[in-house]
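Enquirer: The structure's right below; bear with me while I get my questions together.
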Amino acid sequence: MQPQSYVRDYLVQTGSLVARLDVETIGTAIEWIRAAAATGKTLYACGNGGSAQIASHMTSEMVKHASVHCKIRFKMICLADNIGTMLSYANDVDFESIFVEPLKNFAGPGDLLIAISGSGNSENVLRAVEYAKQISCKTIGLTTNEGGRLKDLVDLPLAVPSTHMGHLEDCFLLMTHILCYAFIDGAV
């Protein structure tokens, strides 16, 4: 296969997935983020690998860009951003605790957790969601709808109909940009 053919195929496949994203559910996520921020609640995000980078990027967009361009100041913490804390838990407790333990220090009722997992089965992400629900946080999950426990565990799944990690992460980044730019562009 020629590289150009691969590029065309990849773009067509990704475009097909983007067209199938659930507009209503993404809109609900925007409403939940607005409601949490308007009442002074904190948003949290977590994920592993590329999902961690997407969670971190979303956090920086909300804390800086959305807060500057909106009347609401967004309080958001990416649980994957503090490598020292994560490695301390991974080394001294276990890797599955790297998100839930810091969440126990900060989260309270009414806060919102955005959990990102391409497989939908990342145990450290699932534990964070389980704890968040126990203390009455709302939970949003960006994941595949092709399997995995995350989509059935969260209150609001933003599911992508694929298991291809590249396409999943493309759609996750797009959805987080929509969630952020709804505020940056003044749409809400």
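As shown in the structure tokens, the chain order sets the letters A, B, ...; within each chain, residues go from 1, and ligands are also counted from 1 in the order they appear.
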Pick out the residues sitting within 7 Å of range 162-177 of chain A, and hand them over as a PDB file with C-alpha atoms, in the first residue's frame; count only C-alpha atoms, and ignore anything fewer than 3 positions along from it in its own chain.

Expert:
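Once written, out.pdb looks like this:
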ATOM      1  CA  THR A  14     -11.657   8.628  11.450  1.00  0.00           C
ATOM      2  CA  VAL A  18     -16.546  11.444  14.076  1.00  0.00           C
ATOM      3  CA  ILE A  54      -5.538  14.093  26.481  1.00  0.00           C
ATOM      4  CA  MET A  58      -8.104  19.242  28.405  1.00  0.00           C
ATOM      5  CA  GLY A 118      -9.348   3.438  25.273  1.00  0.00           C
ATOM      6  CA  LEU A 142     -14.464   8.727  27.175  1.00  0.00           C
ATOM      7  CA  THR A 144     -14.877   2.594  23.315  1.00  0.00           C
ATOM      8  CA  GLU A 146     -16.908  -2.013  21.735  1.00  0.00           C
ATOM      9  CA  CYS A 180     -13.578  23.142  26.158  1.00  0.00           C
ATOM     10  CA  TYR A 181     -14.300  25.290  23.119  1.00  0.00           C
TER      11      TYR A 181
END

Enquirer: Hey, what does DSSP flag as alpha helix (DSSP H) within chain A? Can you give it to me as a ChimeraX atom specification?

Expert: /A:3-19,23-38,50-60,67-69,83-92,100-106,123-134,150-153,165-184

Enquirer: Which is closer to Val154 in chain A than all the others in A:Leu112, A:Cys78, A:Val68, A:Leu179, using only C-alpha atoms?

Expert: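 The answer is A:Leu112, which sits nearest to Val154 in chain A.
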
Enquirer: To one decimal place, how far is CA of Gly141 in chain A from CA of Ala107 in chain A in Å?

Expert: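 Between these atoms lies a distance of 16.9 Å.
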
Enquirer: Can you work out which one of A:Val129, A:Gln53, A:Thr139, A:Asn48 has the shortest atom-to-atom distance to Phe95 in chain A, counting only C-alpha atoms?

Expert: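 Checking each candidate against Phe95 in chain A, we get A:Asn48 as the closest.
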
Enquirer: Could you list, as a VMD selection string, every residue within 12 Å of Ile83 in chain A, counting only C-alpha atoms and ignoring same-chain residues fewer than 5 positions away?

Expert: chain A and resid 48 52 78 88 to 91 98 to 99 102

Enquirer: Compile the contact shell of Lys151 in chain A as a list in words: residues with an atom at most 7 Å away, counting only C-alpha atoms, same-chain residues fewer than 6 positions apart removed.

Expert: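 In the requested format, the answer is Gly120, Gly141, Thr143, Asn145, Pro157 and Ala159 of chain A.
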
Enquirer: Using C-alpha atoms, can you write the selected residues to a file as a CSV table (one decimal), in the first residue's frame?

Expert:
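To be explicit, this is the file written out as result-v3.csv:
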chain,number,residue,atom,x,y,z
A,120,GLY,CA,-12.4,0.8,29.0
A,141,GLY,CA,-16.2,8.4,30.5
A,143,THR,CA,-14.0,5.2,25.9
A,145,ASN,CA,-18.4,1.2,23.0
A,157,PRO,CA,-20.4,7.6,28.5
A,159,ALA,CA,-18.3,6.2,23.6

Enquirer: Run DSSP on the backbone and tell me which residues of range 22-108 of chain A come out as strand (DSSP E); list them as a ChimeraX atom specification.

Expert: /A:42-46,75-78

Enquirer: If you count only C-alpha atoms, which residues fall within 12 Å of Leu113 in chain A, apart from same-chain ones fewer than 6 positions away, as a PDB file with N, CA and C atoms, in the first residue's frame?

Expert:
ATOM      1  N   ALA A  29     -22.683  16.543  28.412  1.00  0.00           N
ATOM      2  CA  ALA A  29     -21.407  16.700  29.120  1.00  0.00           C
ATOM      3  C   ALA A  29     -21.065  18.182  29.286  1.00  0.00           C
ATOM      4  N   TRP A  32     -23.159  19.519  32.097  1.00  0.00           N
ATOM      5  CA  TRP A  32     -22.660  19.070  33.398  1.00  0.00           C
ATOM      6  C   TRP A  32     -21.423  19.849  33.816  1.00  0.00           C
ATOM      7  N   ILE A  33     -20.526  20.092  32.860  1.00  0.00           N
ATOM      8  CA  ILE A  33     -19.312  20.868  33.163  1.00  0.00           C
ATOM      9  C   ILE A  33     -19.697  22.286  33.565  1.00  0.00           C
ATOM     10  N   ALA A  36     -21.249  22.259  37.105  1.00  0.00           N
ATOM     11  CA  ALA A  36     -20.237  22.046  38.150  1.00  0.00           C
ATOM     12  C   ALA A  36     -19.415  23.310  38.366  1.00  0.00           C
ATOM     13  N   LYS A  41     -17.664  23.829  41.881  1.00  0.00           N
ATOM     14  CA  LYS A  41     -17.184  22.462  42.023  1.00  0.00           C
ATOM     15  C   LYS A  41     -15.915  22.266  41.200  1.00  0.00           C
ATOM     16  N   THR A  42     -15.197  21.205  41.504  1.00  0.00           N
ATOM     17  CA  THR A  42     -13.935  20.910  40.824  1.00  0.00           C
ATOM     18  C   THR A  42     -14.134  19.792  39.816  1.00  0.00           C
ATOM     19  N   LEU A  43     -13.482  19.965  38.679  1.00  0.00           N
ATOM     20  CA  LEU A  43     -13.438  18.944  37.643  1.00  0.00           C
ATOM     21  C   LEU A  43     -12.122  18.192  37.785  1.00  0.00           C
ATOM     22  N   TYR A  44     -12.172  16.892  37.595  1.00  0.00           N
ATOM     23  CA  TYR A  44     -10.971  16.044  37.624  1.00  0.00           C
ATOM     24  C   TYR A  44     -10.924  15.266  36.327  1.00  0.00           C
ATOM     25  N   ALA A  45      -9.722  14.933  35.881  1.00  0.00           N
ATOM     26  CA  ALA A  45      -9.557  14.109  34.689  1.00  0.00           C
ATOM     27  C   ALA A  45      -8.445  13.107  34.943  1.00  0.00           C
ATOM     28  N   CYS A  46      -8.591  11.919  34.348  1.00  0.00           N
ATOM     29  CA  CYS A  46      -7.537  10.907  34.484  1.00  0.00           C
ATOM     30  C   CYS A  46      -7.536   9.983  33.284  1.00  0.00           C
ATOM     31  N   GLY A  47      -6.418   9.340  33.087  1.00  0.00           N
ATOM     32  CA  GLY A  47      -6.234   8.369  32.016  1.00  0.00           C
ATOM     33  C   GLY A  47      -4.784   7.942  31.994  1.00  0.00           C
ATOM     34  N   ALA A  55      -6.176  14.015  28.844  1.00  0.00           N
ATOM     35  CA  ALA A  55      -6.719  14.564  30.096  1.00  0.00           C
ATOM     36  C   ALA A  55      -5.942  15.811  30.515  1.00  0.00           C
ATOM     37  N   THR A  59      -7.308  19.686  30.650  1.00  0.00           N
ATOM     38  CA  THR A  59      -7.187  20.465  31.881  1.00  0.00           C
ATOM     39  C   THR A  59      -6.567  21.827  31.608  1.00  0.00           C
ATOM     40  N   LYS A  75     -12.173  25.233  37.886  1.00  0.00           N
ATOM     41  CA  LYS A  75     -11.229  24.551  38.767  1.00  0.00           C
ATOM     42  C   LYS A  75     -11.122  23.119  38.248  1.00  0.00           C
ATOM     43  N   MET A  76      -9.949  22.773  37.732  1.00  0.00           N
ATOM     44  CA  MET A  76      -9.779  21.436  37.160  1.00  0.00           C
ATOM     45  C   MET A  76      -8.393  20.912  37.493  1.00  0.00           C
ATOM     46  N   ILE A  77      -8.345  19.635  37.838  1.00  0.00           N
ATOM     47  CA  ILE A  77      -7.098  18.961  38.171  1.00  0.00           C
ATOM     48  C   ILE A  77      -6.994  17.698  37.331  1.00  0.00           C
ATOM     49  N   CYS A  78      -5.856  17.534  36.672  1.00  0.00           N
ATOM     50  CA  CYS A  78      -5.582  16.286  35.966  1.00  0.00           C
ATOM     51  C   CYS A  78      -4.814  15.382  36.923  1.00  0.00           C
ATOM     52  N   LEU A  79      -5.402  14.264  37.280  1.00  0.00           N
ATOM     53  CA  LEU A  79      -4.780  13.348  38.241  1.00  0.00           C
ATOM     54  C   LEU A  79      -3.543  12.665  37.680  1.00  0.00           C
ATOM     55  N   PHE A  99      -4.798   7.027  40.869  1.00  0.00           N
ATOM     56  CA  PHE A  99      -5.793   8.090  40.685  1.00  0.00           C
ATOM     57  C   PHE A  99      -6.763   8.173  41.853  1.00  0.00           C
ATOM     58  N   VAL A 100      -7.161   7.041  42.378  1.00  0.00           N
ATOM     59  CA  VAL A 100      -8.179   7.056  43.431  1.00  0.00           C
ATOM     60  C   VAL A 100      -7.655   7.664  44.731  1.00  0.00           C
ATOM     61  N   LEU A 103      -7.594  11.398  44.553  1.00  0.00           N
ATOM     62  CA  LEU A 103      -8.995  11.820  44.470  1.00  0.00           C
ATOM     63  C   LEU A 103      -9.623  11.840  45.857  1.00  0.00           C
ATOM     64  N   PHE A 106      -9.046  15.177  47.619  1.00  0.00           N
ATOM     65  CA  PHE A 106      -9.591  16.424  47.082  1.00  0.00           C
ATOM     66  C   PHE A 106     -11.073  16.412  46.750  1.00  0.00           C
ATOM     67  N   ALA A 107     -11.589  15.342  46.201  1.00  0.00           N
ATOM     68  CA  ALA A 107     -12.935  15.338  45.624  1.00  0.00           C
ATOM     69  C   ALA A 107     -14.018  15.358  46.688  1.00  0.00           C
ATOM     70  N   VAL A 125      -8.258   3.668  36.441  1.00  0.00           N
ATOM     71  CA  VAL A 125      -9.316   4.582  36.033  1.00  0.00           C
ATOM     72  C   VAL A 125     -10.651   4.120  36.621  1.00  0.00           C
ATOM     73  N   LEU A 126     -10.912   2.821  36.543  1.00  0.00           N
ATOM     74  CA  LEU A 126     -12.166   2.271  37.075  1.00  0.00           C
ATOM     75  C   LEU A 126     -12.286   2.505  38.576  1.00  0.00           C
ATOM     76  N   ARG A 127     -11.194   2.339  39.309  1.00  0.00           N
ATOM     77  CA  ARG A 127     -11.233   2.584  40.764  1.00  0.00           C
ATOM     78  C   ARG A 127     -11.553   4.038  41.067  1.00  0.00           C
ATOM     79  N   ALA A 128     -10.988   4.949  40.292  1.00  0.00           N
ATOM     80  CA  ALA A 128     -11.275   6.370  40.500  1.00  0.00           C
ATOM     81  C   ALA A 128     -12.761   6.649  40.256  1.00  0.00           C
ATOM     82  N   VAL A 129     -13.321   6.060  39.221  1.00  0.00           N
ATOM     83  CA  VAL A 129     -14.742   6.260  38.913  1.00  0.00           C
ATOM     84  C   VAL A 129     -15.605   5.668  40.023  1.00  0.00           C
ATOM     85  N   GLU A 130     -15.276   4.472  40.467  1.00  0.00           N
ATOM     86  CA  GLU A 130     -16.059   3.835  41.537  1.00  0.00           C
ATOM     87  C   GLU A 130     -16.069   4.700  42.791  1.00  0.00           C
ATOM     88  N   TYR A 131     -14.906   5.237  43.165  1.00  0.00           N
ATOM     89  CA  TYR A 131     -14.837   6.091  44.347  1.00  0.00           C
ATOM     90  C   TYR A 131     -15.636   7.384  44.124  1.00  0.00           C
ATOM     91  N   ALA A 132     -15.455   7.998  42.968  1.00  0.00           N
ATOM     92  CA  ALA A 132     -16.169   9.244  42.682  1.00  0.00           C
ATOM     93  C   ALA A 132     -17.678   9.042  42.820  1.00  0.00           C
ATOM     94  N   LYS A 133     -18.169   7.948  42.321  1.00  0.00           N
ATOM     95  CA  LYS A 133     -19.610   7.679  42.427  1.00  0.00           C
ATOM     96  C   LYS A 133     -20.027   7.453  43.885  1.00  0.00           C
ATOM     97  N   ILE A 135     -18.938   8.936  46.453  1.00  0.00           N
ATOM     98  CA  ILE A 135     -19.044  10.203  47.179  1.00  0.00           C
ATOM     99  C   ILE A 135     -19.918  11.228  46.433  1.00  0.00           C
ATOM    100  N   SER A 136     -20.710  10.755  45.503  1.00  0.00           N
ATOM    101  CA  SER A 136     -21.681  11.582  44.774  1.00  0.00           C
ATOM    102  C   SER A 136     -21.063  12.595  43.816  1.00  0.00           C
ATOM    103  N   CYS A 137     -19.971  12.207  43.185  1.00  0.00           N
ATOM    104  CA  CYS A 137     -19.449  12.982  42.055  1.00  0.00           C
ATOM    105  C   CYS A 137     -20.141  12.458  40.797  1.00  0.00           C
ATOM    106  N   LYS A 138     -20.348  13.329  39.838  1.00  0.00           N
ATOM    107  CA  LYS A 138     -20.803  12.872  38.531  1.00  0.00           C
ATOM    108  C   LYS A 138     -19.593  12.345  37.779  1.00  0.00           C
ATOM    109  N   THR A 139     -19.834  11.383  36.895  1.00  0.00           N
ATOM    110  CA  THR A 139     -18.729  10.789  36.150  1.00  0.00           C
ATOM    111  C   THR A 139     -19.044  10.736  34.661  1.00  0.00           C
ATOM    112  N   ILE A 140     -18.050  11.135  33.874  1.00  0.00           N
ATOM    113  CA  ILE A 140     -18.117  11.074  32.414  1.00  0.00           C
ATOM    114  C   ILE A 140     -16.969  10.183  31.969  1.00  0.00           C
ATOM    115  N   GLY A 141     -17.225   9.294  31.029  1.00  0.00           N
ATOM    116  CA  GLY A 141     -16.175   8.416  30.534  1.00  0.00           C
ATOM    117  C   GLY A 141     -16.013   8.511  29.037  1.00  0.00           C
ATOM    118  N   LEU A 142     -14.792   8.781  28.592  1.00  0.00           N
ATOM    119  CA  LEU A 142     -14.464   8.727  27.175  1.00  0.00           C
ATOM    120  C   LEU A 142     -13.834   7.368  26.933  1.00  0.00           C
ATOM    121  N   VAL A 154     -19.693   4.599  34.245  1.00  0.00           N
ATOM    122  CA  VAL A 154     -19.854   6.049  34.385  1.00  0.00           C
ATOM    123  C   VAL A 154     -21.314   6.459  34.238  1.00  0.00           C
ATOM    124  N   ASP A 155     -21.615   7.661  34.735  1.00  0.00           N
ATOM    125  CA  ASP A 155     -22.958   8.214  34.585  1.00  0.00           C
ATOM    126  C   ASP A 155     -23.246   8.612  33.142  1.00  0.00           C
ATOM    127  N   LEU A 156     -22.214   9.095  32.444  1.00  0.00           N
ATOM    128  CA  LEU A 156     -22.398   9.579  31.080  1.00  0.00           C
ATOM    129  C   LEU A 156     -21.238   9.086  30.207  1.00  0.00           C
ATOM    130  N   PRO A 157     -21.466   8.053  29.399  1.00  0.00           N
ATOM    131  CA  PRO A 157     -20.400   7.578  28.518  1.00  0.00           C
ATOM    132  C   PRO A 157     -20.352   8.359  27.207  1.00  0.00           C
TER     133      PRO A 157
END

Enquirer: Hey, what's within 7 Å of Asn121 in chain A if we count only C-alpha atoms and toss same-chain stuff fewer than 4 positions away? As a PyMOL selection string, please?

Expert: chain A and resi 148-150

Enquirer: Figure out the distance between CA of Ala182 in chain A and CA of Ile72 in chain A, please, to one decimal in Å.

Expert: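 The value is 12.5 Å.
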
Enquirer: Report the distance between CA of His69 in chain A and CA of Ala187 in chain A in Å, rounded to one decimal place.

Expert: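 CA of Ala187 in chain A lies at a distance of 11.1 Å from CA of His69 in chain A.
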